[in-house]
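Everything on this sheet refers to the single structure shown next.
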Amino acid sequence: MEKSPESVKVLFEGRYRKLVRDLPQTVFFCPECKGRGCARCEGFGKLTRDSVQELIARVAMPRLKARRNKFHGAGREDLDVRMLGAGRPFVFEALKCKRPMIDLDELAAEINHRAESRIEVSELRFSSRKRVVEIKETRCPKEYGALVAFAEATDPQGLAGRFEELRGRGRIEILQETPARVAHRRAILHRERWIEVLSAEAEGERWRVRIRSAHGTYIKEAISGEDGRTQPSLSQLVGSPCTCVELDVLEILPPEDPPA
Ligand SMILES: [Zn+2]
């Protein structure tokens, strides 16, 4: 039986880079009114005007003459975290397309032009439902750039020495409890992860730290330790309480087999 043009679904995949710190990955509905519009969101129904999903949809939807869309990312970064390097894999799913055949190179060029350096998409190609499952299930370590602030005045030479020591240790096993900020929507579990300090450089009072971690590590909490919820944390390892004040994903590394 032939499908009516009304039911044509188009999936395309690619990678996105997110170059700003005020952009969620997907439509971020106001938690107060769930999108209906209220005083908190000034009637918008959303707390941020845009998202990666909407910056892509704004160009893709009229071209495909599509009705609705879904966005599937290979994980997600917090809205204040930039996604740099080669970008994060995603699949964009457009539903009820009346014009399913479009030029994806042209689409990418127009998305990047209209997004005005807030996002960049690349490697667009037509995709499938199977790929959605694949990119959701792939477990990739990440490399981060973190700007780290120390709570107490710390001797920079002493810190440099301790970072140097950490750098020589390679992967460090950590045990991480579900962070307080997500514990209301996820079960509290203790998970075995690892972190690896690659480099650390003083930047004024703060430190620019390049760090890798296992898939699923909450990196901000792995830095601060969050009152002992991560053991050992970077704070413990360098021997001085610190927090992550700015974070970038520098690279999504090739997948590793999940631990047995
Ligand atoms: Zn609202």
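Each chain in the structure tokens gets a letter, A, B and so on, in the order shown; residues start at 1 in every chain, and ligands are counted from 1 in the order they appear.
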
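Look at Gly161 (chain A): the protein and nucleic acid residues within 12 Å of it, using only C-alpha atoms and passing over chain neighbours fewer than 4 places away, are Asp155, Pro156, Gln157, Glu165, Leu166, Arg167, Gly168, Ser199, Ala200, Glu201, Ala202, Leu237, Val238 and Gly239 of chain A.
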
Quick check for you: according to DSSP on this backbone, which residues of region 212-249 of chain A are classed as helix (DSSP H, G or I)? Reply as an mmCIF file with C-alpha atoms, in the first residue's frame.
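File written: part25.cif
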```cif
data_model
loop_
_atom_site.group_PDB
_atom_site.id
_atom_site.type_symbol
_atom_site.label_atom_id
_atom_site.label_comp_id
_atom_site.auth_asym_id
_atom_site.auth_seq_id
_atom_site.Cartn_x
_atom_site.Cartn_y
_atom_site.Cartn_z
ATOM 1 C CA ILE A 219 32.052 16.239 35.277
ATOM 2 C CA LYS A 220 31.136 19.392 37.259
ATOM 3 C CA GLU A 221 30.484 17.174 40.301
ATOM 4 C CA ALA A 222 33.608 15.107 39.636
ATOM 5 C CA ILE A 223 35.542 18.386 39.971
ATOM 6 C CA SER A 224 33.864 19.785 43.104
ATOM 7 C CA LEU A 234 39.439 16.600 41.653
ATOM 8 C CA SER A 235 39.114 18.724 44.839
ATOM 9 C CA GLN A 236 40.300 15.785 46.942
ATOM 10 C CA LEU A 237 42.992 14.792 44.483
ATOM 11 C CA VAL A 238 44.597 18.237 44.437
#
```

Non-local contacts of region 56-66 of chain A (10 Å; only C-alpha atoms; under 3 positions in same chain excluded) as a PyMOL selection string: chain A and resi 6-10+16+50-53+69-71+92-104+107-108+110-112+114-115+119-121

Near-ligand residues for ligand 1, threshold 12 Å, only C-alpha atoms and all ligand atoms, as a VMD selection string: chain A and resid 28 to 48

Would you save the residues of that selection, restricted to N, CA and C atoms, as a CSV table (one decimal), in the first residue's frame?
```csv
chain,number,residue,atom,x,y,z
A,28,PHE,N,13.0,23.9,25.3
A,28,PHE,CA,13.0,23.9,26.8
A,28,PHE,C,11.8,24.5,27.3
A,29,PHE,N,10.7,23.7,27.5
A,29,PHE,CA,9.4,24.3,28.0
A,29,PHE,C,9.5,24.8,29.4
A,30,CYS,N,8.8,25.8,29.7
A,30,CYS,CA,8.7,26.4,31.0
A,30,CYS,C,8.2,25.3,32.0
A,31,PRO,N,8.9,25.1,33.1
A,31,PRO,CA,8.5,24.0,34.0
A,31,PRO,C,7.2,24.4,34.8
A,32,GLU,N,6.9,25.7,34.8
A,32,GLU,CA,5.7,26.2,35.5
A,32,GLU,C,4.4,25.8,34.8
A,33,CYS,N,4.4,26.1,33.5
A,33,CYS,CA,3.2,26.0,32.7
A,33,CYS,C,3.2,24.9,31.7
A,34,LYS,N,4.4,24.3,31.5
A,34,LYS,CA,4.6,23.2,30.5
A,34,LYS,C,4.3,23.7,29.1
A,35,GLY,N,4.6,24.9,28.8
A,35,GLY,CA,4.5,25.4,27.5
A,35,GLY,C,3.2,26.2,27.2
A,36,ARG,N,2.3,26.3,28.1
A,36,ARG,CA,1.0,27.0,27.8
A,36,ARG,C,1.2,28.5,27.9
A,37,GLY,N,2.2,29.0,28.6
A,37,GLY,CA,2.4,30.4,28.8
A,37,GLY,C,1.9,30.8,30.2
A,38,CYS,N,2.8,31.5,30.9
A,38,CYS,CA,2.4,32.0,32.2
A,38,CYS,C,3.3,33.2,32.6
A,39,ALA,N,3.2,33.7,33.8
A,39,ALA,CA,3.9,34.9,34.2
A,39,ALA,C,5.4,34.7,34.2
A,40,ARG,N,5.8,33.5,34.7
A,40,ARG,CA,7.2,33.2,34.8
A,40,ARG,C,7.9,33.2,33.4
A,41,CYS,N,7.3,32.7,32.4
A,41,CYS,CA,7.9,32.7,31.1
A,41,CYS,C,7.4,33.8,30.2
A,42,GLU,N,6.7,34.8,30.8
A,42,GLU,CA,6.2,36.0,30.1
A,42,GLU,C,5.3,35.5,28.9
A,43,GLY,N,4.6,34.5,29.1
A,43,GLY,CA,3.6,34.0,28.0
A,43,GLY,C,4.3,33.2,26.9
A,44,PHE,N,5.6,33.1,26.9
A,44,PHE,CA,6.3,32.4,25.8
A,44,PHE,C,6.1,30.9,25.9
A,45,GLY,N,6.0,30.4,27.1
A,45,GLY,CA,5.9,28.9,27.2
A,45,GLY,C,7.3,28.3,27.3
A,46,LYS,N,8.3,29.1,27.1
A,46,LYS,CA,9.7,28.6,27.1
A,46,LYS,C,10.5,29.5,27.9
A,47,LEU,N,11.6,29.0,28.5
A,47,LEU,CA,12.5,29.9,29.3
A,47,LEU,C,13.7,30.3,28.5
A,48,THR,N,14.0,29.7,27.3
A,48,THR,CA,15.0,30.2,26.4
A,48,THR,C,14.3,30.3,25.1
```

Point-to-point distance from CA of Ile252 (chain A) to CA of Arg193 (chain A), Å rounded to tenths: 16.1 Å

All strand (DSSP E) residues (DSSP, backbone) inside region 120-238 of chain A, as a ChimeraX atom specification: /A:120-126,142-150,172-177,190-203,206-213,230-231

Spatial neighbours of Pro255 (chain A), 12 Å, only C-alpha atoms, chain gap at least 6 places, as a VMD selection string: chain A and resid 74 134 to 142 214 to 215

Generate a file of the selected residues that holds N, CA and C atoms, formatted as a PDB file, in the first residue's frame.
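Listed below is the output, out07.pdb:
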```
ATOM      1  N   ALA A  74      23.267  12.373  20.681  1.00  0.00           N
ATOM      2  CA  ALA A  74      24.109  11.347  21.320  1.00  0.00           C
ATOM      3  C   ALA A  74      24.516  11.909  22.674  1.00  0.00           C
ATOM      4  N   GLU A 134      21.254   3.564  17.683  1.00  0.00           N
ATOM      5  CA  GLU A 134      22.714   3.446  17.761  1.00  0.00           C
ATOM      6  C   GLU A 134      23.366   4.634  18.452  1.00  0.00           C
ATOM      7  N   ILE A 135      22.988   5.844  18.022  1.00  0.00           N
ATOM      8  CA  ILE A 135      23.682   6.998  18.616  1.00  0.00           C
ATOM      9  C   ILE A 135      23.277   7.189  20.082  1.00  0.00           C
ATOM     10  N   LYS A 136      22.073   6.729  20.455  1.00  0.00           N
ATOM     11  CA  LYS A 136      21.649   6.833  21.861  1.00  0.00           C
ATOM     12  C   LYS A 136      22.375   5.825  22.740  1.00  0.00           C
ATOM     13  N   GLU A 137      22.765   4.690  22.147  1.00  0.00           N
ATOM     14  CA  GLU A 137      23.357   3.620  22.950  1.00  0.00           C
ATOM     15  C   GLU A 137      24.878   3.628  22.982  1.00  0.00           C
ATOM     16  N   THR A 138      25.498   4.377  22.063  1.00  0.00           N
ATOM     17  CA  THR A 138      26.958   4.384  22.016  1.00  0.00           C
ATOM     18  C   THR A 138      27.511   5.104  23.249  1.00  0.00           C
ATOM     19  N   ARG A 139      28.481   4.467  23.894  1.00  0.00           N
ATOM     20  CA  ARG A 139      29.046   5.036  25.124  1.00  0.00           C
ATOM     21  C   ARG A 139      30.426   5.582  24.838  1.00  0.00           C
ATOM     22  N   CYS A 140      30.532   6.901  24.819  1.00  0.00           N
ATOM     23  CA  CYS A 140      31.796   7.530  24.458  1.00  0.00           C
ATOM     24  C   CYS A 140      32.387   8.318  25.618  1.00  0.00           C
ATOM     25  N   PRO A 141      33.681   8.118  25.896  1.00  0.00           N
ATOM     26  CA  PRO A 141      34.350   9.027  26.833  1.00  0.00           C
ATOM     27  C   PRO A 141      34.372  10.442  26.229  1.00  0.00           C
ATOM     28  N   LYS A 142      34.554  11.444  27.073  1.00  0.00           N
ATOM     29  CA  LYS A 142      34.570  12.826  26.589  1.00  0.00           C
ATOM     30  C   LYS A 142      35.850  13.519  27.044  1.00  0.00           C
ATOM     31  N   ALA A 214      35.012   9.040  31.731  1.00  0.00           N
ATOM     32  CA  ALA A 214      34.211   7.945  31.200  1.00  0.00           C
ATOM     33  C   ALA A 214      32.842   8.457  30.771  1.00  0.00           C
ATOM     34  N   HIS A 215      32.200   7.753  29.847  1.00  0.00           N
ATOM     35  CA  HIS A 215      30.823   8.020  29.475  1.00  0.00           C
ATOM     36  C   HIS A 215      29.959   8.119  30.744  1.00  0.00           C
TER      37      HIS A 215
END
```
